[in-house]
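Colleague: The structure under discussion is supplied below as structure tokens; questions concerning it will follow.
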Amino acid sequence: MKHVVAFCIGLLSLASFSQEEDPNLFSIDASYFYGTILEHNPDISHLITDHPTGFMLSYNKKTYGFKDWESRFNYPDWGFSFIHQDMKNPYLGENSGLYAHFNFYFFKRNLNFRIGQGIAYATSPYDKEENFINNAYGSHLLSSTYIMFNYKKENIYKGFGLHGGISIIHYSNANFKAPNSSTNSFVFNVGANYLIDYDKEPDYIASSEDKKFTEPIKYNFVFRGGVNESDVIDTGQYPFYNFSFYADKRINRKSALQAGTDVFFATFLKELIYYYSVAFPELDVSGDEDWKRVGVFVGHELFINKLSFITQLGYYVYYPYDFEGRVYNRIGLKRYFGDDFFGAITLKSHGAKAEGVEFGIGVRL
């Protein structure tokens, strides 16, 4: 009898354990969109001739609170998406992109906000002989970001649901190669979604974390690099190197505040100074101006599991040559490997004017 009781207790324990395992549910969705290219820059007005259309396919991994970070953000989805867009202009052609994305939910999970970042392929970039009219895309490969606001109802009937809303899709090569006026499409989207194994969906697990959380000040050392080109077409692509040191203070489980300094070595600027000194003597550029810059910045870091999203606003304190103004900003993603080391992909800009995509490695001590 003791063995039978022990066996039953074991089964109950196993059943309880299995209920605590993540069922790894995911959903798929498809959307059609129709909209317009926004004239954010008068230089691209000649490229806005019709209403772009396209479709989006997405895979979404569902979360239910089996990991602590999931409940902090109201059980978001993470996943991958594919977008194909016909720009409805013969010089812009068509774009196809692959993205990683997060879905965040609000208002009893009826409102869905998605942000995606990826790489797109443009079929008809600028070519000085065959497509010189396209001053928006200077290369086939583009950096692309999209945001989406949807009213979304999942599992209306046997796993099927519907959604609809608005999206903004951005394409730019971040000055990797000139020209780079970029495009922003504002579109309306409508579609359907399907939750795989909908009958196995568990209840959401409430957080058991202590809401009071803090860390001592941490010190970050980051090396970033990449390749870019000035806005003057065919001046050439050159490497750049940036070094950053900053302190951060984590004020809760989601957020940390930052303050630090950057040192910039952008060799495209060295070449641009030389070009202006030779080609445009009326600009009063001698060619001997220092092309290096030093800035100070403040920032914020949003922690989402092993990923984090950073936003920084800086000011050049050493600024010997005037290029795009003294204020700069940086946004991007960090991915932690263990507690100390991380990789980063960030975009450095002056307002809405991109200077370059930075690929970085760093340590947080």
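Each chain of the structure tokens is named A, B, ... in the order shown, its residues numbered from 1; ligands are numbered from 1 in display order.
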Please run DSSP on the backbone and report, as an NGL selection string, all residues within stretch 38-76 of chain A that come out as alpha helix (DSSP H).
Modeller: :A and (68-72)
Colleague: Would you write out those residues with N, CA, C and O atoms, as a compact mmCIF listing (two decimals), in the first residue's frame?
Modeller:
# COMPACT_ATOMS: atom_id res chain seq x y z
N ASP A 68 10.70 35.13 -15.57
CA ASP A 68 10.35 36.31 -14.79
C ASP A 68 10.12 37.54 -15.65
O ASP A 68 9.22 38.34 -15.40
N TRP A 69 10.94 37.74 -16.70
CA TRP A 69 10.85 38.96 -17.48
C TRP A 69 9.53 39.07 -18.24
O TRP A 69 9.09 40.18 -18.57
N GLU A 70 8.87 37.94 -18.51
CA GLU A 70 7.67 37.96 -19.34
C GLU A 70 6.52 38.71 -18.67
O GLU A 70 5.82 39.50 -19.31
N SER A 71 6.33 38.51 -17.37
CA SER A 71 5.24 39.19 -16.68
C SER A 71 5.53 40.68 -16.51
O SER A 71 4.60 41.48 -16.40
N ARG A 72 6.81 41.07 -16.48
CA ARG A 72 7.15 42.49 -16.33
C ARG A 72 6.60 43.31 -17.49
O ARG A 72 6.28 44.49 -17.33
Colleague: Considering only C-alpha atoms, return as a PDB file with C-alpha atoms, in the first residue's frame whatever protein or nucleic-acid residues lie within 8 Å of A:Phe265, sequence-local ones (same chain, fewer than 4 positions apart) excluded.
Modeller:
ATOM      1  CA  PHE A 240      34.922  54.632 -38.554  1.00  0.00           C
ATOM      2  CA  TYR A 241      35.819  53.752 -34.951  1.00  0.00           C
ATOM      3  CA  ASN A 242      34.098  54.981 -31.806  1.00  0.00           C
ATOM      4  CA  TRP A 291      38.202  65.447 -38.093  1.00  0.00           C
ATOM      5  CA  LYS A 292      38.045  63.812 -34.653  1.00  0.00           C
ATOM      6  CA  ARG A 293      35.234  64.619 -32.205  1.00  0.00           C
TER       7      ARG A 293
END
Colleague: Write out as a ChimeraX atom specification the residues lying within 6 Å of A:Asp248, counting only C-alpha atoms and excluding same-chain residues fewer than 6 positions away.
Modeller: /A:217-218,257-258
Colleague: Print the selection's residues with all heavy atoms to a file, as an mmCIF file, in the first residue's frame.
Modeller:
data_model
loop_
_atom_site.group_PDB
_atom_site.id
_atom_site.type_symbol
_atom_site.label_atom_id
_atom_site.label_comp_id
_atom_site.auth_asym_id
_atom_site.auth_seq_id
_atom_site.Cartn_x
_atom_site.Cartn_y
_atom_site.Cartn_z
ATOM 1 N N ILE A 217 26.225 51.182 -9.107
ATOM 2 C CA ILE A 217 26.646 51.793 -10.365
ATOM 3 C C ILE A 217 27.567 50.840 -11.119
ATOM 4 O O ILE A 217 28.491 50.261 -10.558
ATOM 5 C CB ILE A 217 27.349 53.140 -10.101
ATOM 6 C CG1 ILE A 217 26.352 54.151 -9.517
ATOM 7 C CG2 ILE A 217 27.962 53.678 -11.382
ATOM 8 C CD1 ILE A 217 26.986 55.468 -9.129
ATOM 9 N N LYS A 218 27.283 50.668 -12.413
ATOM 10 C CA LYS A 218 28.098 49.827 -13.275
ATOM 11 C C LYS A 218 28.848 50.702 -14.288
ATOM 12 O O LYS A 218 28.376 51.782 -14.673
ATOM 13 C CB LYS A 218 27.215 48.829 -14.043
ATOM 14 C CG LYS A 218 26.441 47.860 -13.149
ATOM 15 C CD LYS A 218 27.337 46.760 -12.616
ATOM 16 C CE LYS A 218 26.513 45.700 -11.899
ATOM 17 N NZ LYS A 218 27.343 44.555 -11.469
ATOM 18 N N LEU A 257 19.723 54.349 -15.932
ATOM 19 C CA LEU A 257 20.092 55.661 -16.432
ATOM 20 C C LEU A 257 21.591 55.691 -16.693
ATOM 21 O O LEU A 257 22.370 55.072 -15.957
ATOM 22 C CB LEU A 257 19.704 56.748 -15.434
ATOM 23 C CG LEU A 257 18.209 56.798 -15.058
ATOM 24 C CD1 LEU A 257 17.968 57.904 -14.031
ATOM 25 C CD2 LEU A 257 17.341 57.014 -16.296
ATOM 26 N N GLN A 258 22.013 56.426 -17.738
ATOM 27 C CA GLN A 258 23.406 56.413 -18.181
ATOM 28 C C GLN A 258 23.955 57.830 -18.295
ATOM 29 O O GLN A 258 23.212 58.776 -18.565
ATOM 30 C CB GLN A 258 23.534 55.748 -19.556
ATOM 31 C CG GLN A 258 22.938 54.371 -19.672
ATOM 32 C CD GLN A 258 22.880 53.884 -21.115
ATOM 33 O OE1 GLN A 258 22.910 54.680 -22.054
ATOM 34 N NE2 GLN A 258 22.801 52.578 -21.299
#
Colleague: May I have the residues within 10 Å of stretch 82-98 of chain A as a ChimeraX atom specification, using only C-alpha atoms and disregarding those fewer than 4 positions away in the same chain?
Modeller: /A:30-37,46-59,116-126,130-137,140-146,169,171,183,185
Colleague: For A:Ile331, list every protein, DNA or RNA residue within 12 Å, evaluated using only C-alpha atoms, and leave out those in the same chain fewer than 6 positions away; present the list as a list in words.
Modeller: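 Skipping anything fewer than 6 positions along the chain leaves Gln117, Gly299, His300, Glu301, Leu302, Ser308, Phe309, Ile310, Thr311, Gln312, Leu313, Gly314, Ala344, Ile345, Thr346, Leu347, Lys348, Ser349, His350, Gly351, Ala352, Ala354, Gly356, Val357 and Glu358 of chain A.
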Colleague: Might you pull out every residue within 10 Å of A:Val222, with only C-alpha atoms counted and same-chain residues fewer than 3 positions away left off, and present them as a list in words?
Modeller: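 These residues fall inside the cut-off: Asn242, Phe243, Ser244, Phe245, Tyr246, Asp262, Phe341, Phe342, Gly343, Ala344, Gly360, Ile361, Gly362, Val363 and Arg364 of chain A.
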Colleague: Please produce a file of those selected residues containing N, CA and C atoms, as a short mmCIF file (atom, residue, chain, number, x, y, z; two decimals), in the first residue's frame.
Modeller:
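Contents of out23.cif, freshly written:
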data_model
loop_
_atom_site.label_atom_id
_atom_site.label_comp_id
_atom_site.auth_asym_id
_atom_site.auth_seq_id
_atom_site.Cartn_x
_atom_site.Cartn_y
_atom_site.Cartn_z
N ASN A 242 34.58 54.19 -32.93
CA ASN A 242 34.10 54.98 -31.81
C ASN A 242 34.38 54.26 -30.50
N PHE A 243 34.83 55.00 -29.50
CA PHE A 243 35.08 54.46 -28.17
C PHE A 243 34.17 55.17 -27.17
N SER A 244 33.52 54.39 -26.31
CA SER A 244 32.61 54.95 -25.33
C SER A 244 32.95 54.44 -23.94
N PHE A 245 32.83 55.34 -22.98
CA PHE A 245 32.91 54.97 -21.58
C PHE A 245 31.74 55.65 -20.86
N TYR A 246 30.97 54.87 -20.11
CA TYR A 246 29.87 55.49 -19.39
C TYR A 246 29.51 54.67 -18.15
N ASP A 262 31.97 59.88 -25.41
CA ASP A 262 32.30 59.19 -26.66
C ASP A 262 33.50 59.88 -27.30
N PHE A 341 29.45 40.77 -20.48
CA PHE A 341 29.80 41.09 -21.86
C PHE A 341 28.55 41.25 -22.72
N PHE A 342 28.65 42.09 -23.75
CA PHE A 342 27.52 42.32 -24.63
C PHE A 342 27.99 42.71 -26.02
N GLY A 343 27.11 42.47 -26.99
CA GLY A 343 27.26 42.98 -28.34
C GLY A 343 26.17 44.01 -28.58
N ALA A 344 26.39 44.91 -29.54
CA ALA A 344 25.43 45.98 -29.76
C ALA A 344 25.39 46.36 -31.24
N GLY A 360 29.08 47.00 -32.24
CA GLY A 360 29.94 47.17 -31.08
C GLY A 360 30.05 45.95 -30.20
N ILE A 361 31.11 45.91 -29.41
CA ILE A 361 31.29 44.94 -28.35
C ILE A 361 31.68 45.70 -27.09
N GLY A 362 31.27 45.18 -25.94
CA GLY A 362 31.57 45.91 -24.72
C GLY A 362 31.51 45.04 -23.49
N VAL A 363 31.84 45.67 -22.36
CA VAL A 363 31.81 45.00 -21.08
C VAL A 363 31.17 45.94 -20.08
N ARG A 364 30.34 45.37 -19.18
CA ARG A 364 29.65 46.12 -18.13
C ARG A 364 30.10 45.54 -16.79
#
Colleague: Taking the backbone alone, and naming residues the way the document does, which bits of stretch 301-344 of chain A are strand (DSSP E) by DSSP, as number ranges by chain?
Modeller: A: 301-304, 307-318, 327-337, 341-344
Colleague: Pick the closest to A:Asn150 from A:Lys62, A:Arg109, A:Lys211, A:Lys128: which is it, counting only C-alpha atoms?
Modeller: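 Using only C-alpha atoms, A:Asn150 sits closest to A:Arg109.
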Colleague: Between atom CA of A:Asn60 and atom CA of A:Phe80, what is the spacing in Å?
Modeller: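 A separation of 6.8 Å between them.
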Colleague: Would you mind telling me which residue in A:His40, A:Lys249, A:Lys61, A:His163 lies nearest to A:Glu215 when using only C-alpha atoms?
Modeller: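 So, comparing all the options, the nearest one is A:Lys249.
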